[in-house]
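Next comes work_1.cif, a file with mmCIF, C-alpha atoms.
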data_run
#
loop_
_atom_site.label_atom_id
_atom_site.label_comp_id
_atom_site.auth_asym_id
_atom_site.auth_seq_id
_atom_site.Cartn_x
_atom_site.Cartn_y
_atom_site.Cartn_z
CA MET A 1 137.85 -32.88 -76.61
CA MET A 2 134.70 -30.85 -77.31
CA SER A 3 131.93 -30.78 -74.74
CA ARG A 4 128.68 -32.43 -75.74
CA GLU A 5 127.17 -29.00 -76.48
CA GLU A 6 130.16 -27.85 -78.56
CA PHE A 7 130.13 -31.12 -80.51
CA VAL A 8 126.41 -30.80 -81.28
CA ALA A 9 126.93 -27.17 -82.32
CA GLU A 10 129.76 -28.17 -84.68
CA LEU A 11 127.60 -30.85 -86.25
CA ARG A 12 124.64 -28.50 -86.65
CA ALA A 13 126.89 -25.85 -88.19
CA VAL A 14 127.79 -28.27 -90.98
CA GLY A 15 124.14 -28.50 -91.97
CA ILE A 16 123.59 -24.76 -91.85
CA GLY A 17 126.51 -24.16 -94.20
CA ARG A 18 126.61 -27.20 -96.46
CA TYR A 19 123.32 -29.13 -96.55
CA HIS A 20 121.79 -29.47 -100.02
CA HIS A 21 118.86 -27.19 -99.19
CA LEU A 22 121.31 -24.51 -100.40
CA HIS A 23 121.93 -26.18 -103.75
CA PRO A 24 120.71 -24.15 -106.78
CA PHE A 25 118.75 -27.16 -108.04
CA HIS A 26 116.81 -27.49 -104.79
CA GLN A 27 116.23 -23.76 -104.73
CA ARG A 28 114.83 -23.86 -108.26
CA MET A 29 112.72 -26.86 -107.24
CA ASN A 30 111.27 -25.01 -104.28
CA ARG A 31 110.51 -21.92 -106.39
CA GLY A 32 108.51 -24.12 -108.76
CA GLU A 33 110.93 -23.57 -111.66
CA LEU A 34 111.57 -27.19 -112.66
CA SER A 35 110.13 -28.67 -115.84
CA PRO A 36 108.36 -32.04 -115.54
CA GLU A 37 111.43 -33.56 -117.24
CA ALA A 38 113.73 -32.05 -114.61
CA VAL A 39 111.52 -33.39 -111.81
CA GLN A 40 111.60 -36.81 -113.43
CA MET A 41 115.39 -36.63 -113.80
CA TRP A 42 115.64 -35.86 -110.10
CA VAL A 43 113.27 -38.67 -109.06
CA LYS A 44 115.10 -41.17 -111.25
CA ASN A 45 118.62 -40.33 -110.13
CA ARG A 46 117.78 -39.74 -106.50
CA TYR A 47 116.37 -43.29 -106.57
CA TYR A 48 119.91 -44.59 -106.89
CA TYR A 49 120.59 -42.94 -103.53
CA GLN A 50 117.36 -44.28 -101.99
CA GLN A 51 118.01 -47.88 -102.99
CA MET A 52 121.52 -47.70 -101.53
CA ILE A 53 120.43 -46.62 -98.03
CA PRO A 54 119.70 -50.09 -96.63
CA ARG A 55 122.99 -51.32 -98.09
CA LYS A 56 124.79 -48.42 -96.41
CA ASP A 57 123.10 -49.25 -93.11
CA ALA A 58 123.96 -52.94 -93.47
CA ALA A 59 127.60 -51.94 -94.02
CA ILE A 60 127.50 -50.07 -90.71
CA LEU A 61 126.04 -53.15 -88.99
CA SER A 62 128.72 -55.34 -90.53
CA ASN A 63 131.41 -53.15 -88.96
CA CYS A 64 129.79 -52.81 -85.54
CA PRO A 65 130.83 -55.30 -82.86
CA ASN A 66 128.30 -53.92 -80.36
CA ARG A 67 125.14 -56.02 -80.28
CA ASP A 68 123.07 -53.30 -78.62
CA VAL A 69 123.96 -50.71 -81.26
CA ARG A 70 123.25 -53.24 -84.04
CA ARG A 71 119.81 -53.87 -82.53
CA ARG A 72 119.09 -50.15 -82.46
CA TRP A 73 120.27 -49.61 -86.04
CA LEU A 74 118.56 -52.59 -87.66
CA HIS A 75 115.13 -50.98 -88.04
CA ARG A 76 116.59 -48.66 -90.67
CA ILE A 77 116.99 -51.57 -93.07
CA VAL A 78 113.37 -52.63 -92.47
CA ASP A 79 112.19 -49.00 -92.75
CA HIS A 80 113.66 -48.76 -96.24
CA ASP A 81 113.22 -52.29 -97.58
CA GLY A 82 109.87 -53.00 -95.92
CA ARG A 83 108.79 -56.50 -95.01
CA THR A 84 106.63 -56.85 -98.14
CA ASP A 85 106.44 -55.26 -101.59
CA GLU A 86 103.88 -52.77 -100.27
CA GLU A 87 106.07 -51.43 -97.48
CA GLY A 88 109.13 -49.30 -96.92
CA GLY A 89 110.87 -46.16 -98.07
CA ILE A 90 112.13 -47.60 -101.36
CA GLU A 91 108.58 -48.60 -102.26
CA ALA A 92 107.37 -45.10 -101.30
CA TRP A 93 109.96 -43.60 -103.64
CA LEU A 94 108.80 -45.95 -106.42
CA ARG A 95 105.25 -44.66 -105.86
CA LEU A 96 106.58 -41.12 -106.25
CA ALA A 97 108.03 -42.27 -109.58
CA ASP A 98 104.62 -43.71 -110.52
CA ALA A 99 103.02 -40.38 -109.63
CA CYS A 100 105.56 -38.60 -111.85
CA ASP A 101 104.71 -40.88 -114.79
CA LEU A 102 108.11 -42.51 -114.70
CA PRO A 103 108.07 -46.23 -115.51
CA ARG A 104 109.63 -48.18 -112.64
CA SER A 105 111.90 -49.93 -115.12
CA ALA A 106 113.53 -46.55 -115.86
CA LEU A 107 114.68 -46.37 -112.25
CA GLN A 108 116.60 -49.60 -112.70
CA ASP A 109 118.67 -48.06 -115.53
CA GLU A 110 122.15 -46.77 -114.83
CA PRO A 111 121.98 -43.43 -113.04
CA LEU A 112 123.94 -40.41 -114.26
CA PRO A 113 127.67 -41.09 -113.73
CA GLY A 114 128.02 -38.26 -111.20
CA ALA A 115 125.04 -39.59 -109.25
CA ARG A 116 126.55 -43.06 -109.22
CA PHE A 117 129.98 -41.84 -108.14
CA ALA A 118 128.52 -39.83 -105.26
CA VAL A 119 126.25 -42.59 -103.98
CA ASP A 120 128.88 -45.31 -104.39
CA ALA A 121 131.30 -43.11 -102.44
CA TYR A 122 128.78 -42.98 -99.60
CA TRP A 123 128.44 -46.77 -99.59
CA HIS A 124 132.21 -47.16 -99.67
CA PHE A 125 132.55 -44.74 -96.76
CA ALA A 126 130.07 -46.75 -94.69
CA ARG A 127 132.06 -49.92 -95.42
CA THR A 128 135.44 -48.49 -94.51
CA ALA A 129 135.00 -45.78 -91.86
CA PRO A 130 134.92 -46.67 -88.16
CA TRP A 131 131.27 -47.47 -87.51
CA PRO A 132 130.59 -44.52 -85.10
CA VAL A 133 131.94 -42.18 -87.79
CA ALA A 134 129.78 -43.85 -90.44
CA ILE A 135 126.80 -43.34 -88.15
CA ALA A 136 127.72 -39.65 -87.83
CA SER A 137 127.55 -39.37 -91.62
CA SER A 138 123.83 -40.19 -91.35
CA LEU A 139 123.26 -36.97 -89.41
CA THR A 140 122.07 -35.06 -92.46
CA GLU A 141 118.79 -36.40 -91.02
CA LEU A 142 119.06 -33.53 -88.53
CA PHE A 143 118.32 -31.14 -91.38
CA ALA A 144 115.94 -33.30 -93.40
CA PRO A 145 112.55 -32.51 -91.77
CA ASP A 146 112.66 -28.80 -92.73
CA LEU A 147 113.77 -29.63 -96.26
CA MET A 148 111.03 -32.24 -96.61
CA ALA A 149 108.35 -29.83 -95.35
CA ASP A 150 109.49 -27.13 -97.82
CA ARG A 151 109.64 -29.66 -100.63
CA LEU A 152 106.17 -31.01 -99.89
CA ALA A 153 104.76 -27.47 -99.92
CA ALA A 154 106.54 -26.73 -103.20
CA PHE A 155 105.24 -29.88 -104.87
CA ARG A 156 101.70 -29.21 -103.71
CA GLY A 157 101.88 -25.57 -104.75
CA PHE A 158 103.79 -25.71 -108.03
CA TYR A 159 103.90 -29.24 -109.43
CA THR A 160 100.19 -29.91 -109.41
CA TRP A 161 100.61 -32.43 -112.26
CA VAL A 162 101.98 -34.81 -109.58
CA PRO A 163 99.04 -36.34 -107.65
CA ASP A 164 99.10 -36.07 -103.88
CA TRP A 165 99.28 -39.86 -103.33
CA GLY A 166 102.84 -39.65 -104.65
CA PHE A 167 104.08 -37.71 -101.62
CA ASP A 168 104.02 -40.52 -99.09
CA TYR A 169 107.82 -40.61 -98.96
CA PHE A 170 108.12 -36.91 -98.14
CA GLN A 171 105.44 -37.14 -95.47
CA ARG A 172 106.86 -40.18 -93.73
CA ARG A 173 110.35 -38.70 -93.66
CA ILE A 174 109.19 -35.47 -91.97
CA ALA A 175 108.39 -37.48 -88.83
CA GLN A 176 110.83 -40.36 -89.24
CA ALA A 177 113.93 -38.28 -89.96
CA LYS A 178 113.46 -36.54 -86.61
CA THR A 179 113.38 -39.83 -84.67
CA ASP A 180 116.23 -41.27 -86.73
CA ALA A 181 118.34 -38.16 -86.25
CA ASP A 182 117.84 -38.22 -82.47
CA GLU A 183 118.95 -41.84 -82.44
CA ALA A 184 122.00 -41.27 -84.68
CA LEU A 185 122.98 -38.17 -82.70
CA GLU A 186 122.86 -40.03 -79.43
CA ILE A 187 125.02 -42.87 -80.77
CA THR A 188 127.44 -40.36 -82.28
CA LEU A 189 127.75 -38.40 -79.03
CA THR A 190 128.27 -41.60 -77.04
CA TRP A 191 130.71 -43.42 -79.29
CA CYS A 192 132.69 -40.59 -80.90
CA ASP A 193 134.41 -40.12 -77.57
CA THR A 194 137.90 -38.93 -78.46
CA PRO A 195 139.02 -35.65 -80.09
CA GLN A 196 139.98 -37.66 -83.19
CA LEU A 197 136.60 -39.39 -83.45
CA GLN A 198 134.75 -36.10 -82.85
CA ALA A 199 136.74 -34.46 -85.66
CA SER A 200 136.11 -37.49 -87.90
CA ALA A 201 132.38 -37.29 -87.16
CA VAL A 202 132.24 -33.62 -88.21
CA ALA A 203 134.26 -34.45 -91.34
CA ALA A 204 131.93 -37.40 -92.04
CA LEU A 205 128.92 -35.12 -91.95
CA GLN A 206 130.67 -32.66 -94.28
CA PHE A 207 131.46 -35.59 -96.59
CA LYS A 208 127.81 -36.68 -96.54
CA CYS A 209 126.73 -33.15 -97.46
CA GLN A 210 129.16 -33.35 -100.38
CA VAL A 211 127.55 -36.62 -101.48
CA LEU A 212 124.08 -35.04 -101.56
CA TRP A 213 125.45 -31.90 -103.20
CA SER A 214 127.28 -33.82 -105.94
CA LEU A 215 124.17 -35.85 -106.66
CA LEU A 216 122.30 -32.60 -107.32
CA ASP A 217 125.21 -31.21 -109.35
CA ALA A 218 124.91 -34.19 -111.69
CA ILE A 219 121.13 -33.83 -111.97
CA ASP A 220 121.36 -30.06 -112.37
CA ALA A 221 123.90 -30.38 -115.18
CA ALA A 222 121.73 -32.91 -117.01
CA THR A 223 118.62 -30.73 -116.88
CA ARG A 224 119.95 -27.35 -117.95
CA MET B 1 126.86 -75.37 -116.37
CA MET B 2 125.83 -78.02 -113.85
CA SER B 3 122.20 -79.06 -113.60
CA ARG B 4 120.43 -78.20 -110.39
CA GLU B 5 120.85 -81.78 -109.18
CA GLU B 6 124.56 -81.92 -110.05
CA PHE B 7 125.14 -78.57 -108.35
CA VAL B 8 123.39 -79.71 -105.14
CA ALA B 9 125.37 -82.97 -105.22
CA GLU B 10 128.66 -81.04 -105.54
CA LEU B 11 127.73 -78.82 -102.61
CA ARG B 12 126.71 -81.78 -100.46
CA ALA B 13 129.92 -83.61 -101.33
CA VAL B 14 131.91 -80.74 -99.81
CA GLY B 15 130.24 -81.34 -96.46
CA ILE B 16 130.71 -85.08 -96.56
CA GLY B 17 134.43 -84.68 -97.14
CA ARG B 18 135.37 -81.47 -95.33
CA TYR B 19 132.85 -80.42 -92.69
CA HIS B 20 134.27 -80.11 -89.18
CA HIS B 21 132.36 -83.12 -87.85
CA LEU B 22 135.47 -84.96 -89.10
CA HIS B 23 137.89 -82.83 -87.08
CA PRO B 24 139.79 -84.75 -84.36
CA PHE B 25 138.69 -82.20 -81.74
CA HIS B 26 135.00 -82.73 -82.55
CA GLN B 27 135.52 -86.46 -82.57
CA ARG B 28 137.13 -86.33 -79.13
CA MET B 29 134.29 -84.09 -77.96
CA ASN B 30 131.68 -86.55 -79.17
CA ARG B 31 133.49 -89.48 -77.51
CA GLY B 32 133.36 -87.61 -74.19
CA GLU B 33 137.15 -87.20 -74.03
CA LEU B 34 137.38 -83.44 -73.42
CA SER B 35 138.37 -82.04 -70.03
CA PRO B 36 136.18 -79.27 -68.58
CA GLU B 37 139.00 -76.85 -69.48
CA ALA B 38 138.97 -78.04 -73.09
CA VAL B 39 135.18 -77.61 -73.28
CA GLN B 40 135.55 -74.11 -71.85
CA MET B 41 138.31 -73.28 -74.36
CA TRP B 42 135.99 -74.38 -77.15
CA VAL B 43 133.01 -72.39 -75.83
CA LYS B 44 135.15 -69.28 -75.38
CA ASN B 45 136.82 -69.33 -78.80
CA ARG B 46 133.81 -70.51 -80.72
CA TYR B 47 132.06 -67.44 -79.26
CA TYR B 48 134.24 -65.28 -81.45
CA TYR B 49 132.67 -67.06 -84.43
CA GLN B 50 129.14 -66.74 -83.00
CA GLN B 51 129.37 -63.01 -82.39
CA MET B 52 130.63 -62.47 -85.94
CA ILE B 53 127.67 -64.17 -87.65
CA PRO B 54 125.31 -61.15 -87.70
CA ARG B 55 128.19 -58.98 -88.95
CA LYS B 56 128.85 -61.52 -91.72
CA ASP B 57 125.16 -61.50 -92.65
CA ALA B 58 125.05 -57.71 -92.62
CA ALA B 59 128.05 -57.70 -94.99
CA ILE B 60 126.06 -59.88 -97.38
CA LEU B 61 123.11 -57.47 -97.17
CA SER B 62 125.40 -54.52 -97.80
CA ASN B 63 126.56 -56.14 -101.06
CA CYS B 64 123.13 -57.24 -102.26
CA PRO B 65 121.24 -54.88 -104.57
CA ASN B 66 118.15 -57.12 -104.60
CA ARG B 67 115.53 -55.89 -102.15
CA ASP B 68 113.67 -59.20 -102.08
CA VAL B 69 116.81 -61.18 -101.21
CA ARG B 70 117.72 -58.63 -98.52
CA ARG B 71 114.25 -59.04 -97.00
CA ARG B 72 114.66 -62.82 -96.94
CA TRP B 73 118.16 -62.65 -95.41
CA LEU B 74 117.48 -60.03 -92.73
CA HIS B 75 115.93 -62.40 -90.16
CA ARG B 76 119.36 -63.97 -89.69
CA ILE B 77 120.62 -60.81 -88.01
CA VAL B 78 117.60 -60.75 -85.69
CA ASP B 79 117.95 -64.51 -85.05
CA HIS B 80 121.48 -63.99 -83.75
CA ASP B 81 121.27 -60.56 -82.13
CA GLY B 82 117.73 -60.90 -80.74
CA ARG B 83 115.49 -57.91 -80.22
CA THR B 84 116.28 -57.76 -76.48
CA ASP B 85 119.06 -58.95 -74.16
CA GLU B 86 117.08 -62.14 -73.48
CA GLU B 87 116.80 -63.19 -77.13
CA GLY B 88 118.90 -64.55 -79.95
CA GLY B 89 121.64 -67.00 -80.77
CA ILE B 90 124.47 -64.94 -79.28
CA GLU B 91 122.59 -64.77 -75.99
CA ALA B 92 121.99 -68.53 -76.15
CA TRP B 93 125.73 -69.08 -76.60
CA LEU B 94 126.40 -66.81 -73.59
CA ARG B 95 124.03 -68.99 -71.57
CA LEU B 96 126.05 -72.02 -72.66
CA ALA B 97 129.11 -70.19 -71.30
CA ASP B 98 127.23 -69.55 -68.04
CA ALA B 99 126.38 -73.26 -67.85
CA CYS B 100 130.08 -74.08 -68.38
CA ASP B 101 131.08 -71.78 -65.48
CA LEU B 102 132.79 -69.37 -67.83
CA PRO B 103 132.42 -65.72 -66.83
CA ARG B 104 130.87 -63.76 -69.70
CA SER B 105 133.69 -61.23 -69.46
CA ALA B 106 136.13 -64.00 -70.49
CA LEU B 107 134.31 -64.27 -73.82
CA GLN B 108 135.06 -60.63 -74.54
CA ASP B 109 138.82 -61.28 -74.28
CA GLU B 110 140.88 -61.74 -77.41
CA PRO B 111 140.31 -65.19 -78.89
CA LEU B 112 143.20 -67.48 -79.82
CA PRO B 113 145.06 -65.95 -82.79
CA GLY B 114 144.17 -68.86 -85.07
CA ALA B 115 140.51 -68.54 -84.11
CA ARG B 116 140.59 -64.81 -84.83
CA PHE B 117 142.33 -65.26 -88.19
CA ALA B 118 139.81 -67.87 -89.31
CA VAL B 119 136.72 -65.92 -88.25
CA ASP B 120 138.04 -62.61 -89.56
CA ALA B 121 138.74 -64.33 -92.88
CA TYR B 122 135.09 -65.40 -93.02
CA TRP B 123 133.91 -61.84 -92.35
CA HIS B 124 136.32 -60.52 -94.98
CA PHE B 125 135.02 -63.08 -97.48
CA ALA B 126 131.42 -61.98 -96.88
CA ARG B 127 132.45 -58.36 -97.46
CA THR B 128 134.33 -59.00 -100.69
CA ALA B 129 132.83 -62.01 -102.48
CA PRO B 130 129.87 -61.57 -104.86
CA TRP B 131 126.85 -61.79 -102.59
CA PRO B 132 125.40 -65.05 -104.05
CA VAL B 133 128.80 -66.68 -103.45
CA ALA B 134 128.91 -65.32 -99.90
CA ILE B 135 125.46 -66.81 -99.36
CA ALA B 136 126.74 -70.16 -100.65
CA SER B 137 129.45 -70.05 -97.98
CA SER B 138 126.65 -70.23 -95.39
CA LEU B 139 125.68 -73.68 -96.66
CA THR B 140 127.60 -75.49 -93.93
CA GLU B 141 124.11 -75.18 -92.40
CA LEU B 142 123.20 -78.14 -94.60
CA PHE B 143 125.38 -80.31 -92.39
CA ALA B 144 124.77 -78.62 -89.04
CA PRO B 145 121.61 -80.40 -87.78
CA ASP B 146 123.29 -83.84 -87.61
CA LEU B 147 126.36 -82.37 -85.92
CA MET B 148 124.19 -80.50 -83.40
CA ALA B 149 122.14 -83.63 -82.59
CA ASP B 150 125.33 -85.69 -82.04
CA ARG B 151 126.83 -82.88 -79.95
CA LEU B 152 123.74 -82.55 -77.80
CA ALA B 153 123.72 -86.31 -77.15
CA ALA B 154 127.44 -86.21 -76.28
CA PHE B 155 127.00 -83.32 -73.85
CA ARG B 156 124.06 -84.98 -72.17
CA GLY B 157 125.83 -88.32 -71.97
CA PHE B 158 129.39 -87.33 -71.11
CA TYR B 159 129.60 -83.76 -69.85
CA THR B 160 127.01 -84.04 -67.12
CA TRP B 161 128.71 -81.20 -65.20
CA VAL B 162 127.06 -78.88 -67.75
CA PRO B 163 123.40 -78.35 -66.77
CA ASP B 164 120.78 -78.99 -69.43
CA TRP B 165 119.57 -75.37 -69.51
CA GLY B 166 122.87 -74.54 -71.20
CA PHE B 167 121.97 -76.43 -74.38
CA ASP B 168 119.39 -74.02 -75.75
CA TYR B 169 121.73 -72.99 -78.57
CA PHE B 170 122.24 -76.57 -79.76
CA GLN B 171 118.53 -77.30 -79.60
CA ARG B 172 117.43 -74.21 -81.49
CA ARG B 173 120.01 -74.77 -84.22
CA ILE B 174 118.84 -78.35 -84.90
CA ALA B 175 115.55 -76.96 -86.24
CA GLN B 176 116.69 -73.52 -87.40
CA ALA B 177 119.74 -74.69 -89.38
CA LYS B 178 117.46 -76.84 -91.53
CA THR B 179 115.18 -73.92 -92.42
CA ASP B 180 118.13 -71.59 -92.93
CA ALA B 181 119.94 -74.11 -95.12
CA ASP B 182 116.86 -74.59 -97.33
CA GLU B 183 116.66 -70.83 -97.75
CA ALA B 184 120.37 -70.37 -98.49
CA LEU B 185 120.36 -73.33 -100.88
CA GLU B 186 117.45 -71.93 -102.83
CA ILE B 187 119.08 -68.51 -103.16
CA THR B 188 122.38 -70.15 -104.17
CA LEU B 189 120.70 -72.31 -106.83
CA THR B 190 118.80 -69.33 -108.20
CA TRP B 191 121.56 -66.72 -108.24
CA CYS B 192 124.71 -68.78 -108.88
CA ASP B 193 123.52 -69.16 -112.45
CA THR B 194 126.71 -69.33 -114.49
CA PRO B 195 129.43 -72.02 -114.56
CA GLN B 196 131.80 -69.53 -112.89
CA LEU B 197 129.37 -68.69 -110.09
CA GLN B 198 128.57 -72.35 -109.53
CA ALA B 199 132.28 -73.14 -109.23
CA SER B 200 132.74 -70.14 -106.92
CA ALA B 201 129.85 -71.35 -104.75
CA VAL B 202 131.44 -74.78 -104.34
CA ALA B 203 134.79 -73.14 -103.55
CA ALA B 204 133.07 -70.82 -101.06
CA LEU B 205 131.62 -73.77 -99.21
CA GLN B 206 135.05 -75.44 -99.16
CA PHE B 207 136.50 -72.18 -97.82
CA LYS B 208 133.85 -72.04 -95.09
CA CYS B 209 134.68 -75.62 -94.07
CA GLN B 210 138.32 -74.49 -93.82
CA VAL B 211 137.25 -71.62 -91.54
CA LEU B 212 135.47 -73.99 -89.16
CA TRP B 213 138.32 -76.50 -89.38
CA SER B 214 141.01 -73.89 -88.61
CA LEU B 215 139.01 -72.64 -85.66
CA LEU B 216 139.10 -76.16 -84.22
CA ASP B 217 142.80 -76.55 -85.08
CA ALA B 218 143.55 -73.50 -82.93
CA ILE B 219 141.40 -74.76 -80.05
CA ASP B 220 142.78 -78.28 -80.36
CA ALA B 221 146.38 -77.04 -80.24
CA ALA B 222 145.65 -74.93 -77.15
CA THR B 223 144.09 -77.83 -75.24
CA ARG B 224 146.57 -80.65 -75.84
#

As structure tokens, the full file:
Amino acid sequence: MMSREEFVAELRAVGIGRYHHLHPFHQRMNRGELSPEAVQMWVKNRYYYQQMIPRKDAAILSNCPNRDVRRRWLHRIVDHDGRTDEEGGIEAWLRLADACDLPRSALQDEPLPGARFAVDAYWHFARTAPWPVAIASSLTELFAPDLMADRLAAFRGFYTWVPDWGFDYFQRRIAQAKTDADEALEITLTWCDTPQLQASAVAALQFKCQVLWSLLDAIDAATR
Amino acid sequence: MMSREEFVAELRAVGIGRYHHLHPFHQRMNRGELSPEAVQMWVKNRYYYQQMIPRKDAAILSNCPNRDVRRRWLHRIVDHDGRTDEEGGIEAWLRLADACDLPRSALQDEPLPGARFAVDAYWHFARTAPWPVAIASSLTELFAPDLMADRLAAFRGFYTWVPDWGFDYFQRRIAQAKTDADEALEITLTWCDTPQLQASAVAALQFKCQVLWSLLDAIDAATR
């Protein structure tokens, strides 16, 4: 059994080596090398991931027999769905689409097959993995604030055809991902309390990095 | 395809013929014929159903790609789990257990096998059925207010060893089940919009009546 510190270090190492900030598509994005069409392709296909997040979190709730953990996790569904049409992360992503001149109806179309396979695999994982392991797969949030800050700077510097009001999603996630990651990390450290569950948690985070990576592979291939 | 009125009539007919108000155990309960041990056995095993409800509702959310429907359904999880240890339907059922002199730890024990099989089948159904059909399975709420009112009168009249503060769950459900049933019925009528889905909705409600009936069969057998 790893100590708490060793376990955290293992989890963080996954992000350093495998998080999608290393993906060529993200690197081109952050160097300002994407065409407007490539940005739109990314916004459209990444939407399929965004709209699945509350369903992934509901799958975790449906597997979790602990009322206290369910109470702590529930806000994630509200954070993404909002309580009204004006609220929530999905709505913020739709506003990014508006800002990128993408009709919202286009986001309801089928995503690229590779994007769909990756995102559906994530949903399936959340439905079938032990719930503490599924929660560990959310820990890409540990690495999200830096990525979001870099992305926001890149958009403001290079993609000036996208108006600033479109970046609400990036801005909210810089703060929120930190809080969410602290919460998910604490639950992971508490509930992944056997060598097997610790190993499964690390593997779950690797798997989640693969999901995000594959999503970008599909988008990258479609925009070259 | 049934008209709206025919569809509602079919759904209501399921309750008239198959809801668990007809079960011999409930009939004995309402005639005041249960021993304190039988009441405790019911409270303890029915708890396994109660604690599964938010997980069942989360399974429906996890299958539902419609943000608006998810928003409308979400309150059910909060209604059962509460936002604090003092709130929610599960807590109200635990207070009923307190009032029946059942230690709360006893409710965490394994339920009767038949109770577990029935409740787990309901959870599995919510995970695997099309989400509008899973929502239709919740429509036993249509028949719950009358049952709750009869049950409350029976407890107050016959089981006077149970103090009145234990009946919070029954009281809240008399009002809440009506609102919830209206909501579930409207979603069912809107989204079960093909002959196949209508037939599946009716079958889902029959299945749910079987779940509640089997739960009582197991309790009845253990208390005779």

Completion exercise
The residue from B:Gly15, B:Gly82, B:Pro163, B:Gly32 with the smallest atom-to-atom distance to chain A, counting all atoms listed in the file, is B:Gly82

Would you write out, as CSV, a table of all residues in chain A that have an atom no more than 7 Å from an atom of chain B, listing for each the closest atom pair and the distance in Å to one decimal, considering only C-alpha atoms and ordering rows by chain and rising residue number?
residue,atom,partner,partner_atom,distance
A:Arg55,CA,B:Ser62,CA,4.0
A:Lys56,CA,B:Ser62,CA,6.3
A:Ala58,CA,B:Ser62,CA,4.8
A:Ala59,CA,B:Ser62,CA,5.1
A:Leu61,CA,B:Ala58,CA,5.9
A:Ser62,CA,B:Arg55,CA,4.0
A:Asn63,CA,B:Arg55,CA,6.7
A:Arg67,CA,B:Asp81,CA,6.2
A:Arg71,CA,B:Arg83,CA,6.3
A:Asp81,CA,B:Arg67,CA,6.3
A:Arg83,CA,B:Arg71,CA,6.3

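Among the candidates B:Val14, B:Met148, B:Leu189, B:Leu205, the residue lying nearest to Arg172 in chain B is B:Met148 (atoms considered: only C-alpha atoms).
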
Problem - Two-atom distance - CA of Asp220 in chain B, CA of Ala99 in chain B (Å) - result: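 Separating CA of Asp220 in chain B from CA of Ala99 in chain B is a distance of 21.2 Å.
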
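Applied to the file shown here, the PyMOL selection byres ((chain B and resi 152) around 10) selects the residues Asn30, Asp146, Leu147, Met148, Ala149, Asp150, Arg151, Ala153, Ala154, Phe155, Arg156, Gly157, Phe158, Tyr159, Asp164, Phe167, Asp168, Tyr169, Phe170, Gln171 and Ile174 of chain B.
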
Exercise for the section: I need the residue set behind the PyMOL selection byres ((chain A and resi 204) around 9) for this file; please write it as a list of chain:residue names. Expected result: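 Checked against the file, the PyMOL selection byres ((chain A and resi 204) around 9) matches A:Phe125, A:Ala129, A:Val133, A:Ala134, A:Ile135, A:Ala136, A:Ser137, A:Ser138, A:Ala199, A:Ser200, A:Ala201, A:Val202, A:Ala203, A:Leu205, A:Gln206, A:Phe207, A:Lys208, A:Cys209.
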
Practice task
Could you tell me how far CA of His124 in chain A lies from CA of Val69 in chain B, in Å and to one decimal?
Solution key: 20.9 Å

Exercise for the section: One decimal, Å: what's the distance from CA of Gln27 in chain A over to CA of Ile219 in chain A, could you say? Expected result: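 Separation between CA of Gln27 in chain A and CA of Ile219 in chain A: 13.3 Å.
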
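For the structure shown here, the set of residues caught by the PyMOL selection byres ((chain B and resi 40) around 10) is Leu34, Ser35, Pro36, Glu37, Ala38, Val39, Met41, Trp42, Val43, Lys44, Asn45, Arg46, Leu96, Ala97, Cys100, Asp101, Leu102 and Thr223 of chain B.
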
Practice task
Please identify all polymer residues within 10 Å of Ala221 in chain A, counting only C-alpha atoms, omitting same-chain residues fewer than 5 positions from it, and present them as a PyMOL selection string.
Solution key: chain A and resi 25+114+216

Handout entry: Close residues, Ala218 in chain B itself excluded, 7 Å, all atoms listed in the file, min 4 positions apart in chain, as an MDAnalysis selection string
Key = chainID B and resid 112 114:115 214 222

Since the input lacks some atoms of range 58-65 of chain B, please model N, CA and C atoms and print them as an mmCIF file, in the coordinates of the input.
data_model
loop_
_atom_site.group_PDB
_atom_site.id
_atom_site.type_symbol
_atom_site.label_atom_id
_atom_site.label_comp_id
_atom_site.auth_asym_id
_atom_site.auth_seq_id
_atom_site.Cartn_x
_atom_site.Cartn_y
_atom_site.Cartn_z
ATOM 1 N N ALA B 58 125.230 -59.115 -92.239
ATOM 2 C CA ALA B 58 125.050 -57.710 -92.620
ATOM 3 C C ALA B 58 125.954 -57.361 -93.795
ATOM 4 N N ALA B 59 127.158 -57.946 -93.842
ATOM 5 C CA ALA B 59 128.050 -57.700 -94.990
ATOM 6 C C ALA B 59 127.417 -58.212 -96.276
ATOM 7 N N ILE B 60 126.756 -59.354 -96.197
ATOM 8 C CA ILE B 60 126.060 -59.880 -97.380
ATOM 9 C C ILE B 60 124.954 -58.918 -97.809
ATOM 10 N N LEU B 61 124.160 -58.454 -96.849
ATOM 11 C CA LEU B 61 123.110 -57.470 -97.170
ATOM 12 C C LEU B 61 123.695 -56.233 -97.820
ATOM 13 N N SER B 62 124.836 -55.784 -97.300
ATOM 14 C CA SER B 62 125.400 -54.520 -97.800
ATOM 15 C C SER B 62 125.873 -54.658 -99.243
ATOM 16 N N ASN B 63 126.128 -55.906 -99.679
ATOM 17 C CA ASN B 63 126.560 -56.140 -101.060
ATOM 18 C C ASN B 63 125.418 -56.485 -101.999
ATOM 19 N N CYS B 64 124.229 -56.681 -101.465
ATOM 20 C CA CYS B 64 123.130 -57.240 -102.260
ATOM 21 C C CYS B 64 122.171 -56.154 -102.741
ATOM 22 N N PRO B 65 122.130 -55.924 -104.056
ATOM 23 C CA PRO B 65 121.240 -54.880 -104.570
ATOM 24 C C PRO B 65 119.792 -55.349 -104.735
#
